[in-house]
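**Student:** Next comes the structure file work_33.cif, holding mmCIF, C-alpha atoms and all ligand atoms.
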```
data_entry
#
loop_
_atom_site.label_atom_id
_atom_site.label_comp_id
_atom_site.auth_asym_id
_atom_site.auth_seq_id
_atom_site.Cartn_x
_atom_site.Cartn_y
_atom_site.Cartn_z
CA MET A 166 -4.23 -7.58 28.43
CA LYS A 167 -7.05 -5.45 26.97
CA VAL A 168 -6.02 -4.05 23.61
CA LEU A 169 -7.62 -1.21 21.67
CA LEU A 170 -6.73 -1.06 17.99
CA ILE A 171 -7.17 2.26 16.21
CA GLY A 172 -8.21 2.22 12.56
CA GLY A 173 -10.44 0.27 10.24
CA GLY A 174 -8.55 -0.77 7.11
CA GLY A 175 -6.87 -3.91 5.84
CA ARG A 176 -3.75 -3.25 7.89
CA GLU A 177 -5.82 -3.03 11.05
CA HIS A 178 -7.70 -6.20 10.16
CA ALA A 179 -4.34 -7.98 9.81
CA LEU A 180 -3.21 -6.54 13.16
CA ALA A 181 -6.49 -7.64 14.74
CA TRP A 182 -6.09 -11.13 13.25
CA THR A 183 -2.61 -11.33 14.76
CA LEU A 184 -3.42 -9.82 18.15
CA ALA A 185 -6.55 -11.96 18.56
CA ARG A 186 -4.31 -15.04 18.33
CA SER A 187 -2.00 -13.79 21.05
CA GLN A 188 -2.03 -15.64 24.35
CA GLY A 189 -1.85 -12.36 26.21
CA CYS A 190 -4.82 -10.71 24.49
CA GLU A 191 -7.80 -11.09 26.81
CA GLU A 192 -10.00 -8.55 25.04
CA LEU A 193 -9.65 -6.97 21.65
CA HIS A 194 -11.42 -3.71 20.84
CA ALA A 195 -11.24 -1.54 17.74
CA ALA A 196 -12.16 2.04 16.90
CA PRO A 197 -13.82 2.07 14.47
CA GLY A 198 -12.78 -1.36 13.12
CA ASN A 199 -14.55 -2.86 10.13
CA PRO A 200 -16.83 -5.84 9.40
CA GLY A 201 -13.83 -8.18 9.26
CA ILE A 202 -12.43 -6.95 12.58
CA ALA A 203 -15.90 -7.30 14.13
CA ALA A 204 -15.52 -11.07 13.85
CA LEU A 205 -12.42 -10.89 16.08
CA GLY A 206 -13.27 -8.26 18.66
CA ALA A 207 -15.63 -5.46 19.65
CA CYS A 208 -15.86 -2.52 17.27
CA HIS A 209 -16.75 0.92 18.61
CA PRO A 210 -18.03 3.77 16.43
CA VAL A 211 -15.27 6.20 17.38
CA ARG A 212 -13.24 8.09 14.79
CA PRO A 213 -9.43 7.85 15.10
CA ALA A 214 -9.26 11.61 14.51
CA ASP A 215 -11.39 12.25 17.60
CA ALA A 216 -8.69 11.95 20.26
CA GLU A 217 -11.01 12.94 23.10
CA SER A 218 -13.43 10.12 22.29
CA VAL A 219 -10.61 7.59 21.81
CA LEU A 220 -9.28 8.56 25.23
CA ALA A 221 -12.72 8.27 26.82
CA LEU A 222 -13.17 4.85 25.19
CA GLY A 223 -9.78 3.68 26.43
CA ARG A 224 -10.63 4.77 29.95
CA ALA A 225 -14.13 3.29 29.93
CA LEU A 226 -12.84 -0.07 28.73
CA GLY A 227 -9.81 -0.13 31.05
CA ILE A 228 -7.50 -0.57 28.08
CA ASP A 229 -3.93 -1.70 28.79
CA LEU A 230 -2.47 -1.05 25.36
CA VAL A 231 -3.56 1.06 22.41
CA VAL A 232 -2.14 0.07 19.01
CA VAL A 233 -2.51 2.82 16.43
CA GLY A 234 -2.75 1.70 12.80
CA PRO A 235 -2.97 4.78 10.56
CA GLU A 236 -0.58 7.71 10.30
CA ALA A 237 -3.05 10.61 10.43
CA PRO A 238 -3.99 10.30 14.13
CA LEU A 239 -0.31 9.81 15.04
CA VAL A 240 0.73 12.91 13.11
CA ALA A 241 -2.11 14.75 14.87
CA GLY A 242 -0.80 13.72 18.32
CA LEU A 243 -3.14 10.90 19.43
CA ALA A 244 -0.31 8.95 21.09
CA ASP A 245 0.70 12.01 23.15
CA GLU A 246 -2.84 12.45 24.47
CA LEU A 247 -3.10 8.78 25.43
CA ARG A 248 0.30 8.74 27.12
CA ARG A 249 -0.49 11.91 29.02
CA ALA A 250 -3.53 10.09 30.39
CA GLY A 251 -1.36 7.17 31.48
CA ILE A 252 -2.46 4.71 28.76
CA ALA A 253 0.32 2.68 27.10
CA VAL A 254 0.37 3.17 23.36
CA PHE A 255 2.19 1.56 20.48
CA GLY A 256 2.74 4.49 18.15
CA PRO A 257 4.98 7.55 18.06
CA SER A 258 4.41 11.00 19.49
CA ARG A 259 3.36 13.82 17.22
CA ALA A 260 6.93 15.11 17.18
CA ALA A 261 8.40 11.73 16.15
CA ALA A 262 5.60 11.06 13.61
CA ARG A 263 6.87 14.06 11.62
CA ILE A 264 9.29 11.56 10.11
CA GLU A 265 6.28 10.64 7.96
CA GLY A 266 4.16 13.77 8.31
CA SER A 267 6.70 16.14 6.79
CA LYS A 268 8.96 15.15 3.93
CA ALA A 269 11.15 18.20 4.54
CA PHE A 270 11.62 17.21 8.21
CA ALA A 271 12.37 13.61 7.17
CA LYS A 272 15.04 14.80 4.74
CA ASP A 273 16.61 16.92 7.43
CA VAL A 274 16.75 13.96 9.84
CA LEU A 275 18.07 11.65 7.12
CA HIS A 276 20.88 14.04 6.26
CA ALA A 277 21.77 14.60 9.91
CA ALA A 278 21.81 10.82 10.47
CA HIS A 279 23.90 10.24 7.32
CA VAL A 280 21.38 7.81 5.88
CA PRO A 281 21.65 7.40 2.10
CA THR A 282 18.67 8.94 0.33
CA ALA A 283 17.66 10.62 -2.94
CA ALA A 284 19.31 13.99 -3.46
CA THR A 285 17.11 17.05 -3.12
CA LEU A 286 17.16 19.08 -6.35
CA PRO A 287 17.31 22.87 -6.43
CA VAL A 288 15.47 23.19 -9.75
CA ALA A 289 12.68 21.26 -11.42
CA ARG A 290 14.13 19.49 -14.44
CA PRO A 291 13.19 16.01 -15.73
CA PRO A 292 13.92 13.27 -14.81
CA CYS A 293 12.95 13.97 -11.21
CA VAL A 294 10.31 13.30 -8.59
CA VAL A 295 7.89 15.92 -7.30
CA LYS A 296 6.48 15.41 -3.81
CA ALA A 297 3.83 17.30 -1.89
CA ASP A 298 5.17 17.93 1.63
CA GLY A 299 2.24 16.64 3.71
CA LEU A 300 0.37 13.38 4.18
CA ALA A 301 -1.27 12.31 0.92
CA ALA A 302 -2.02 8.59 1.43
CA GLY A 303 0.68 7.57 -1.03
CA LYS A 304 -0.80 9.77 -3.73
CA GLY A 305 1.35 12.89 -3.32
CA VAL A 306 4.37 11.69 -5.31
CA PHE A 307 4.83 12.31 -9.04
CA VAL A 308 7.55 10.60 -11.00
CA CYS A 309 8.46 12.85 -13.93
CA ARG A 310 10.57 11.62 -16.82
CA THR A 311 9.47 14.15 -19.44
CA PRO A 312 8.80 17.91 -19.41
CA GLU A 313 5.08 17.15 -19.85
CA GLU A 314 5.07 14.83 -16.82
CA LEU A 315 6.94 17.47 -14.84
CA ASP A 316 4.37 20.16 -15.68
CA ALA A 317 1.56 17.84 -14.70
CA GLY A 318 3.38 16.72 -11.54
CA LEU A 319 4.08 20.26 -10.37
CA ARG A 320 0.44 21.20 -10.95
CA ALA A 321 -0.86 18.11 -9.16
CA ALA A 322 1.49 18.58 -6.18
CA ALA A 323 0.55 22.26 -5.93
CA ALA A 324 -3.13 21.32 -6.00
CA LEU A 325 -2.58 19.26 -2.82
CA GLY A 326 -1.48 22.48 -1.09
CA GLY A 327 1.61 23.18 0.98
CA PRO A 328 5.22 23.21 -0.14
CA THR A 329 6.67 20.88 -2.78
CA VAL A 330 9.90 18.86 -2.57
CA LEU A 331 11.97 17.98 -5.67
CA GLU A 332 14.09 14.85 -5.71
CA GLU A 333 16.51 12.89 -7.83
CA LEU A 334 14.73 9.99 -9.59
CA LEU A 335 16.06 6.67 -8.29
CA GLU A 336 15.74 3.40 -10.18
CA GLY A 337 15.66 -0.10 -8.74
CA GLU A 338 13.48 -2.46 -6.78
CA GLU A 339 11.59 -1.16 -3.79
CA LEU A 340 11.54 -2.74 -0.39
CA SER A 341 9.56 -1.89 2.75
CA VAL A 342 11.50 -2.69 5.91
CA PHE A 343 9.85 -2.75 9.33
CA ALA A 344 11.40 -2.32 12.76
CA VAL A 345 9.78 -1.97 16.17
CA ALA A 346 11.29 0.74 18.36
CA ASP A 347 10.95 1.60 22.05
CA GLY A 348 12.37 5.11 21.77
CA GLU A 349 15.94 3.89 22.06
CA ARG A 350 16.29 0.22 21.11
CA SER A 351 14.81 -1.45 18.06
CA VAL A 352 14.21 -4.92 16.66
CA ALA A 353 13.80 -5.84 13.00
CA LEU A 354 10.42 -7.33 12.19
CA GLY A 355 10.57 -8.12 8.50
CA ALA A 356 10.62 -6.80 4.97
CA ALA A 357 8.04 -6.93 2.23
CA ARG A 358 7.77 -5.83 -1.35
CA ASP A 359 4.90 -3.55 -2.12
CA TYR A 360 3.33 -2.73 -5.49
CA LYS A 361 2.43 0.94 -5.53
CA ARG A 362 1.44 1.47 -9.15
CA SER A 363 -2.13 0.87 -10.13
CA LEU A 364 -1.64 -1.37 -13.18
CA ASP A 365 0.30 -4.47 -14.21
CA GLY A 366 3.91 -3.89 -15.20
CA ASP A 367 4.06 -0.92 -12.79
CA ALA A 368 2.03 1.27 -15.10
CA GLY A 369 -0.56 3.81 -14.03
CA PRO A 370 -0.61 6.20 -11.09
CA ASN A 371 0.74 5.59 -7.59
CA THR A 372 -1.79 4.15 -5.16
CA GLY A 373 -1.86 3.29 -1.48
CA GLY A 374 -0.68 -0.20 -2.54
CA MET A 375 -2.00 -2.93 -4.86
CA GLY A 376 -0.40 -5.98 -3.30
CA ALA A 377 2.64 -7.19 -1.43
CA PHE A 378 4.68 -10.21 -0.60
CA SER A 379 7.10 -11.33 2.06
CA PRO A 380 9.86 -12.31 2.49
CA ALA A 381 11.58 -10.36 -0.26
CA PRO A 382 14.04 -12.41 -2.31
CA GLY A 383 17.57 -12.09 -0.99
CA VAL A 384 16.47 -10.49 2.27
CA GLY A 385 17.07 -13.06 5.00
CA PRO A 386 17.57 -12.29 8.70
CA ALA A 387 21.16 -11.10 8.22
CA GLU A 388 20.28 -8.73 5.35
CA LEU A 389 17.31 -7.46 7.33
CA GLU A 390 19.56 -6.56 10.27
CA GLU A 391 21.96 -4.79 7.89
CA LEU A 392 19.16 -2.71 6.43
CA VAL A 393 17.83 -1.77 9.87
CA ASP A 394 21.40 -0.80 10.87
CA LEU A 395 21.70 1.31 7.74
CA ALA A 396 18.32 3.01 7.69
CA HIS A 397 16.36 2.76 10.94
CA ARG A 398 18.89 2.85 13.76
CA PRO A 399 20.67 6.08 12.78
CA VAL A 400 17.30 7.79 12.34
CA LEU A 401 16.03 6.51 15.70
CA ALA A 402 19.21 7.81 17.33
CA GLU A 403 18.82 11.19 15.62
CA LEU A 404 15.17 11.50 16.67
CA ALA A 405 16.13 10.67 20.26
CA ARG A 406 18.97 13.21 20.09
CA ARG A 407 16.45 15.85 19.01
CA GLY A 408 14.29 15.07 22.03
CA SER A 409 11.60 13.22 20.08
CA PRO A 410 12.30 9.51 20.59
CA PHE A 411 10.28 7.22 18.35
CA THR A 412 8.12 4.50 19.89
CA GLY A 413 6.23 2.26 17.52
CA LEU A 414 6.72 0.84 14.08
CA LEU A 415 9.29 2.57 11.93
CA TYR A 416 8.88 1.71 8.26
CA ALA A 417 11.66 2.50 5.80
CA GLY A 418 10.70 2.61 2.14
CA LEU A 419 13.92 1.74 0.32
CA MET A 420 14.99 1.75 -3.30
CA LEU A 421 17.59 -0.93 -3.94
CA THR A 422 19.63 0.95 -6.52
CA ALA A 423 22.73 -0.20 -8.38
CA ASP A 424 24.69 1.96 -5.90
CA GLY A 425 23.11 0.36 -2.82
CA PRO A 426 19.95 0.93 -0.78
CA ARG A 427 18.54 4.47 -0.64
CA VAL A 428 15.75 5.58 1.65
CA LEU A 429 12.77 6.98 -0.25
CA GLU A 430 10.70 7.68 2.81
CA PHE A 431 10.01 6.78 6.39
CA ASN A 432 6.56 5.98 7.68
CA CYS A 433 5.57 6.05 11.32
CA ARG A 434 3.31 2.96 11.22
CA PHE A 435 2.83 -0.45 9.65
CA GLY A 436 2.64 -0.55 5.85
CA ASP A 437 -0.61 -1.22 4.05
CA PRO A 438 -0.86 -3.77 2.38
CA GLU A 439 2.59 -5.10 3.40
CA THR A 440 1.28 -5.86 6.90
CA GLN A 441 -1.41 -8.10 5.41
CA ALA A 442 1.41 -10.21 3.92
CA LEU A 443 4.02 -9.88 6.67
CA LEU A 444 1.95 -10.71 9.73
CA PRO A 445 0.51 -14.01 8.47
CA ALA A 446 4.07 -15.04 7.52
CA LEU A 447 5.35 -14.51 11.07
CA GLU A 448 5.65 -17.23 13.63
CA GLY A 449 5.51 -16.14 17.25
CA ASP A 450 3.48 -13.81 19.36
CA LEU A 451 3.58 -10.17 18.27
CA LEU A 452 1.78 -8.68 21.28
CA PRO A 453 4.70 -8.94 23.77
CA THR A 454 6.93 -7.07 21.31
CA LEU A 455 4.39 -4.27 20.82
CA ALA A 456 3.68 -4.07 24.55
CA ALA A 457 7.38 -3.95 25.44
CA ALA A 458 7.99 -1.18 22.91
CA ALA A 459 5.04 0.77 24.27
CA ALA A 460 6.42 0.32 27.80
CA GLY A 461 9.75 1.73 26.58
CA ASP A 462 11.91 -1.34 27.04
CA LEU A 463 12.55 -3.90 24.33
CA THR A 464 15.51 -5.39 26.20
CA GLY A 465 15.54 -9.15 25.80
CA VAL A 466 12.46 -9.22 23.58
CA VAL A 467 12.55 -11.76 20.77
CA PRO A 468 10.20 -10.63 18.01
CA PRO A 469 8.30 -13.11 15.85
CA VAL A 470 10.22 -14.31 12.79
CA VAL A 471 9.21 -14.88 9.18
CA ARG A 472 8.60 -18.60 8.70
CA THR A 473 6.58 -18.89 5.48
CA ALA A 474 6.05 -16.99 2.29
CA ALA A 475 2.94 -14.85 1.99
CA VAL A 476 1.34 -12.99 -0.90
CA THR A 477 -1.37 -10.36 -0.63
CA ILE A 478 -3.53 -9.16 -3.51
CA SER A 479 -5.50 -5.93 -3.09
CA LEU A 480 -8.94 -6.10 -4.67
CA VAL A 481 -9.87 -2.54 -5.51
CA ALA A 482 -12.78 -0.56 -6.95
CA SER A 483 -12.65 -0.09 -10.72
CA GLY A 484 -12.02 3.67 -10.41
CA TYR A 485 -9.29 3.40 -7.72
CA PRO A 486 -7.13 5.42 -6.98
CA GLU A 487 -9.21 8.30 -8.37
CA ARG A 488 -12.57 7.03 -7.10
CA GLY A 489 -13.86 4.43 -4.68
CA ASP A 490 -17.09 2.49 -4.82
CA THR A 491 -19.90 2.19 -2.32
CA GLY A 492 -22.87 -0.09 -2.03
CA SER A 493 -21.92 -2.93 -4.40
CA GLU A 494 -22.58 -6.32 -2.91
CA ILE A 495 -19.54 -8.51 -2.17
CA GLY A 496 -19.64 -12.26 -2.58
CA GLY A 497 -17.33 -15.24 -2.40
CA LEU A 498 -15.51 -14.52 0.86
CA ALA A 499 -16.44 -17.82 2.47
CA GLU A 500 -15.29 -19.64 -0.66
CA ALA A 501 -11.95 -17.78 -0.69
CA GLU A 502 -11.42 -18.61 2.97
CA ALA A 503 -12.44 -22.22 2.43
CA ALA A 504 -9.72 -22.32 -0.22
CA GLY A 505 -7.23 -21.53 2.56
CA ALA A 506 -6.77 -17.78 2.07
CA ILE A 507 -7.26 -15.05 4.64
CA VAL A 508 -9.46 -12.21 3.46
CA PHE A 509 -8.73 -8.91 5.16
CA HIS A 510 -11.39 -6.23 4.89
CA ALA A 511 -10.25 -2.77 3.86
CA GLY A 512 -13.13 -0.75 2.38
CA THR A 513 -16.23 -2.75 3.30
CA ALA A 514 -19.42 -2.07 5.22
CA LEU A 515 -22.52 -3.96 6.26
CA ARG A 516 -25.96 -2.99 4.96
CA GLU A 517 -28.85 -4.99 6.31
CA GLY A 518 -26.52 -7.82 7.12
CA ARG A 519 -24.97 -7.88 3.65
CA LEU A 520 -21.38 -7.04 2.95
CA ILE A 521 -20.93 -4.13 0.54
CA THR A 522 -18.10 -2.08 -0.93
CA ASN A 523 -17.19 1.12 0.88
CA GLY A 524 -13.93 2.60 -0.37
CA GLY A 525 -11.12 2.34 -2.90
CA ARG A 526 -9.21 -0.67 -1.70
CA ILE A 527 -11.99 -3.09 -0.80
CA LEU A 528 -10.35 -6.36 0.30
CA ASN A 529 -6.92 -7.96 0.64
CA VAL A 530 -6.58 -11.63 -0.11
CA THR A 531 -3.54 -13.25 1.53
CA ALA A 532 -2.24 -16.78 1.15
CA THR A 533 0.76 -18.36 2.85
CA ALA A 534 2.80 -21.33 1.67
CA ASP A 535 6.29 -22.76 1.90
CA ASP A 536 7.45 -20.83 -1.13
CA LEU A 537 6.48 -17.67 -2.92
CA ASP A 538 5.19 -19.35 -6.09
CA ALA A 539 2.77 -21.52 -4.16
CA ALA A 540 1.63 -18.59 -2.01
CA ARG A 541 1.04 -16.46 -5.11
CA ASP A 542 -0.92 -19.17 -6.90
CA ALA A 543 -3.05 -19.77 -3.82
CA ALA A 544 -3.69 -16.04 -3.36
CA TYR A 545 -4.79 -15.62 -7.00
CA ALA A 546 -6.94 -18.76 -6.91
CA ALA A 547 -8.73 -17.38 -3.84
CA ALA A 548 -9.01 -13.84 -5.27
CA GLU A 549 -10.84 -15.24 -8.29
CA LEU A 550 -13.55 -16.54 -5.98
CA VAL A 551 -14.35 -13.07 -4.64
CA SER A 552 -16.77 -10.89 -6.56
CA PHE A 553 -18.14 -7.35 -6.50
CA ALA A 554 -19.11 -4.96 -9.29
CA GLY A 555 -15.98 -3.47 -10.87
CA CYS A 556 -13.55 -5.64 -8.85
CA ARG A 557 -10.04 -5.14 -10.17
CA TYR A 558 -6.58 -6.32 -9.14
CA ARG A 559 -3.09 -6.58 -10.51
CA ARG A 560 -2.19 -9.92 -12.04
CA ASP A 561 1.54 -9.67 -11.57
CA ILE A 562 2.00 -9.55 -7.79
CA ALA A 563 4.96 -11.75 -6.78
CA ARG A 564 5.37 -13.05 -10.34
CA PRO A 565 8.94 -14.06 -11.13
CA GLY A 566 10.53 -11.48 -13.35
CA GLY A 567 7.42 -9.46 -12.63
CA VAL A 568 8.35 -5.85 -12.75
CA CYS A 569 8.47 -3.92 -9.55
CA VAL A 570 10.69 -1.17 -10.71
CA GLY A 571 10.49 2.12 -8.93
CA GLY A 572 9.78 5.45 -10.47
P1 LIG B 1 6.90 8.25 -0.96
O1 LIG B 1 5.53 8.70 -0.53
O2 LIG B 1 7.96 9.27 -0.82
O3 LIG B 1 7.26 6.93 -0.46
O4 LIG B 1 6.78 7.88 -2.49
C1 LIG B 1 5.83 6.95 -2.96
C2 LIG B 1 6.42 6.19 -4.09
O5 LIG B 1 6.91 7.07 -5.10
C3 LIG B 1 7.63 5.36 -3.72
O6 LIG B 1 7.26 4.15 -3.16
C4 LIG B 1 8.29 5.20 -5.06
O7 LIG B 1 7.63 4.24 -5.86
C5 LIG B 1 8.08 6.56 -5.69
N1 LIG B 1 9.23 7.42 -5.38
C6 LIG B 1 9.35 8.28 -4.34
N2 LIG B 1 10.53 8.91 -4.37
C7 LIG B 1 11.18 8.44 -5.44
C8 LIG B 1 12.49 8.70 -5.99
N3 LIG B 1 13.31 9.61 -5.47
N4 LIG B 1 12.84 8.01 -7.10
C9 LIG B 1 11.99 7.12 -7.65
N5 LIG B 1 10.76 6.83 -7.18
C10 LIG B 1 10.37 7.48 -6.08
N1 LIG B 2 2.18 0.42 1.17
C1 LIG B 2 2.66 1.71 1.34
C2 LIG B 2 2.39 2.33 2.63
O1 LIG B 2 1.85 1.73 3.54
O2 LIG B 2 2.72 3.50 2.77
#
```
Can the structure from this file be put into structure tokens for me?

**Tutor:**
Amino acid sequence: MKVLLIGGGGREHALAWTLARSQGCEELHAAPGNPGIAALGACHPVRPADAESVLALGRALGIDLVVVGPEAPLVAGLADELRRAGIAVFGPSRAAARIEGSKAFAKDVLHAAHVPTAATLPVARPPCVVKADGLAAGKGVFVCRTPEELDAGLRAAAALGGPTVLEELLEGEELSVFAVADGERSVALGAARDYKRSLDGDAGPNTGGMGAFSPAPGVGPAELEELVDLAHRPVLAELARRGSPFTGLLYAGLMLTADGPRVLEFNCRFGDPETQALLPALEGDLLPTLAAAAAGDLTGVVPPVVRTAAVTISLVASGYPERGDTGSEIGGLAEAEAAGAIVFHAGTALREGRLITNGGRILNVTATADDLDAARDAAYAAAELVSFAGCRYRRDIARPGGVCVGG
């Protein structure tokens, strides 16, 4: 099978790493890919937002399956264009991707499907959460405990444009739960804990993600199925009922509150950086599951299962999430890999054959081991070997008792 992967971040590098190991993957292509993905397949300078060029590339290469990584092209309708042209695609239609693209739409679907979620508030009063209603790369949510934070949150959300949603503030541990759906049926893939805040102890602003680990404590196969029954399956049924069946990866962001799990959000694609932890922890071939979902029939498909623990540390630019960094030389990757870690590229580029920074989240260092402690220690030992000017990362990813409290 010839596979075209859309995107060029750490999540896509992890997908490329996984797909390249699949028996069924004869050729791997990426648009645009990144320097890490280039070691696994052919990268093409085509922007995911340019649907016409993606389609032309898919046709020219005789692609059998397109796997879309990021949300923006899905929300813009890339999967619809590809399907219309007869190319199989793992990723939802524009209509189904609204589950991520519009928080107001997601709330409406959640309520209709009777999935437990944070209450929507009629008036802005602390404590609460202010959300901008469009895509904001994880940066459009403001947790407000004080009147000052609320003022700042309302201003910041308004500055992003579009309507604003107000929500009850939920407390607990967060969990990202992944299921693969074929429009009707779905299979659970795994769960990971993600660290959204910028600084140790869950301080600082929300980011796209500073690290992750899998499996989450207390979430074995049975619990995973329960969560998918609670969150994903009713929403998939509701989307199908509305005439917009969801094909692809449905990601539920949950808060495990004292009163039970509550859905914070749905995403229409793999999580970043959770995927960089989850995929290396899986045993089995992922490609048949993605291909079956794209073909609309998951019947009888056995997805890969989590076999080891994995920890991912995001190495970010010093100014992230406000500012990225470009042009600083990166060193130590070979050493980190020799130490047994996998280094996924996120914001990197090549300049005259040298690897340089090119973004906010620069690299993800993942290590696997039999247990979480060993995986964490290995991931940190490898991360220390990597260097670039201003390199920063959280020190408390997957630490026992380490805080990962929402809000
Ligand atoms: P979202 O983009 O809606 O997933 O929100 C991003 C992050 O903001 C979540 O992962 C949580 O850490 C936080 N968050 C969102 N909604 C709430 C809520 N109702 N209560 C507490 N924290 C929230
Ligand atoms: N790690 C959060 C996300 O992918 O949205």

**Student:** I'd like the contact shell of Thr533 of chain A - 12 Å cut-off, only C-alpha atoms, skipping same-chain residues fewer than 6 positions apart - returned as a ChimeraX atom specification.

**Tutor:** /A:378-380,441-448,471-478,504-508,539-545,547

**Student:** Set up a box along x, y and z of the file covering all listed atoms of ligand LIG 1 (chain B), add 5 Å on every one of the six sides, and write the centre and edge lengths in Å to one decimal, as lines of an AutoDock Vina configuration file.

**Tutor:**
```
center_x = 9.4
center_y = 6.9
center_z = -4.1
size_x = 17.8
size_y = 15.5
size_z = 17.2
```

**Student:** Could you give me the residues within 6 Å of ligand LIG 2 (chain B), counting only C-alpha atoms and all ligand atoms, as a compact mmCIF listing (two decimals) with C-alpha atoms, in the frame of the given file?

**Tutor:**
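Below is the file part_4.txt, written as the result:
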```
# COMPACT_ATOMS: atom_id res chain seq x y z
CA GLY A 303 0.68 7.57 -1.03
CA ASP A 359 4.90 -3.55 -2.12
CA GLY A 373 -1.86 3.29 -1.48
CA GLY A 374 -0.68 -0.20 -2.54
CA GLY A 436 2.64 -0.55 5.85
CA ASP A 437 -0.61 -1.22 4.05
CA PRO A 438 -0.86 -3.77 2.38
CA GLU A 439 2.59 -5.10 3.40
```

**Student:** Which is closest to ligand LIG 1 (chain B) among A:Gly496, A:Pro200, A:Gly465, A:Gly418, if we use all atoms listed in the file?

**Tutor:**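 Ranking A:Gly496, A:Pro200, A:Gly465, A:Gly418 by distance to ligand LIG 1 (chain B), first place goes to A:Gly418.
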
**Student:** By how many Å are atom CA of Val254 of chain A and atom CA of Thr531 of chain A apart?

**Tutor:**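 According to the coordinates, atom CA of Val254 of chain A and atom CA of Thr531 of chain A are separated by 27.6 Å.
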
**Student:** Find, counting all atoms listed in the file, the residue in A:Val233, A:Leu193, A:Leu334, A:Leu354 that gets nearest to ligand LIG 1 (chain B).

**Tutor:**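 With all atoms listed in the file as the atom set, the closest residue is A:Leu334.
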
**Student:** Could you list as a compact mmCIF listing (two decimals) with C-alpha atoms, in the coordinates of the input every residue that has an atom within 12 Å of (11.2, 11.8, 11.3), using the file's coordinates and counting all atoms listed in the file?

**Tutor:**
```
# COMPACT_ATOMS: atom_id res chain seq x y z
CA VAL A 240 0.73 12.91 13.11
CA PRO A 257 4.98 7.55 18.06
CA SER A 258 4.41 11.00 19.49
CA ARG A 259 3.36 13.82 17.22
CA ALA A 260 6.93 15.11 17.18
CA ALA A 261 8.40 11.73 16.15
CA ALA A 262 5.60 11.06 13.61
CA ARG A 263 6.87 14.06 11.62
CA ILE A 264 9.29 11.56 10.11
CA GLU A 265 6.28 10.64 7.96
CA GLY A 266 4.16 13.77 8.31
CA SER A 267 6.70 16.14 6.79
CA LYS A 268 8.96 15.15 3.93
CA ALA A 269 11.15 18.20 4.54
CA PHE A 270 11.62 17.21 8.21
CA ALA A 271 12.37 13.61 7.17
CA LYS A 272 15.04 14.80 4.74
CA ASP A 273 16.61 16.92 7.43
CA VAL A 274 16.75 13.96 9.84
CA LEU A 275 18.07 11.65 7.12
CA HIS A 276 20.88 14.04 6.26
CA ALA A 277 21.77 14.60 9.91
CA ALA A 278 21.81 10.82 10.47
CA ALA A 396 18.32 3.01 7.69
CA HIS A 397 16.36 2.76 10.94
CA PRO A 399 20.67 6.08 12.78
CA VAL A 400 17.30 7.79 12.34
CA LEU A 401 16.03 6.51 15.70
CA ALA A 402 19.21 7.81 17.33
CA GLU A 403 18.82 11.19 15.62
CA LEU A 404 15.17 11.50 16.67
CA ALA A 405 16.13 10.67 20.26
CA ARG A 406 18.97 13.21 20.09
CA ARG A 407 16.45 15.85 19.01
CA GLY A 408 14.29 15.07 22.03
CA SER A 409 11.60 13.22 20.08
CA PRO A 410 12.30 9.51 20.59
CA PHE A 411 10.28 7.22 18.35
CA THR A 412 8.12 4.50 19.89
CA LEU A 415 9.29 2.57 11.93
CA TYR A 416 8.88 1.71 8.26
CA ALA A 417 11.66 2.50 5.80
CA GLU A 430 10.70 7.68 2.81
CA PHE A 431 10.01 6.78 6.39
CA ASN A 432 6.56 5.98 7.68
CA CYS A 433 5.57 6.05 11.32
CA ARG A 434 3.31 2.96 11.22
```

**Student:** Would you mind listing what lies within 12 Å of segment 336-338 of chain A as a PyMOL selection string, with all atoms listed in the file counted and same-chain residues fewer than 2 positions away left out?

**Tutor:** chain A and resi 283+292-294+308+310+333-334+340-341+357-361+367+381-383+418-429+566-572

**Student:** Interatomic distance between atom CA of Gly348 of chain A and atom CA of Gly461 of chain A?

**Tutor:**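 Pair atom CA of Gly348 of chain A / atom CA of Gly461 of chain A returns 6.4 Å.
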
**Student:** Within 12 Å of (-2.2, 12.6, 24.8), in the coordinates the file gives, what residues turn up when you count only C-alpha atoms, written out as a list in words?

**Tutor:**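 Residues close enough to count: Asp215, Ala216, Glu217, Ser218, Val219, Leu220, Ala221, Gly223, Val231, Pro238, Leu239, Ala241, Gly242, Leu243, Ala244, Asp245, Glu246, Leu247, Arg248, Arg249, Ala250, Gly251, Ile252, Ala253, Val254, Gly256, Pro257, Ser258 and Arg259 of chain A.
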
**Student:** One decimal, Å: what's the distance from atom CA of Cys190 of chain A over to atom CA of Met166 of chain A, could you say?

**Tutor:**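 Computing the Euclidean distance for atom CA of Cys190 of chain A and atom CA of Met166 of chain A yields 5.1 Å.
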
**Student:** Neighbouring residues of Leu180 of chain A were defined as those with any atom within 8 Å, considering only C-alpha atoms; residues of the same chain fewer than 3 positions away were excluded. Please report them as a PyMOL selection string.

**Tutor:** chain A and resi 176-177+183-184+440+444

**Student:** Smallest atom-to-atom distance to Ile562 of chain A: which of A:Ile521, A:Val211, A:Leu414, A:Ala377, using only C-alpha atoms?

**Tutor:** A:Ala377

**Student:** Looking at A:Lys296, A:Lys167, A:Arg212, A:Arg224, which one is nearest to ligand LIG 1 (chain B), with distances taken over all atoms listed in the file?

**Tutor:**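 Result for the nearest residue to ligand LIG 1 (chain B): A:Lys296.
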
**Student:** Quick one: everything within 8 Å of Leu451 of chain A, counting only C-alpha atoms, minus sequence neighbours fewer than 2 positions away in the same chain. Send it as a list of chain:residue names.

**Tutor:**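 Skipping anything fewer than 2 positions along the chain leaves A:Thr183, A:Leu184, A:Ser187, A:Gly449, A:Pro453, A:Thr454, A:Leu455, A:Pro468, A:Pro469.
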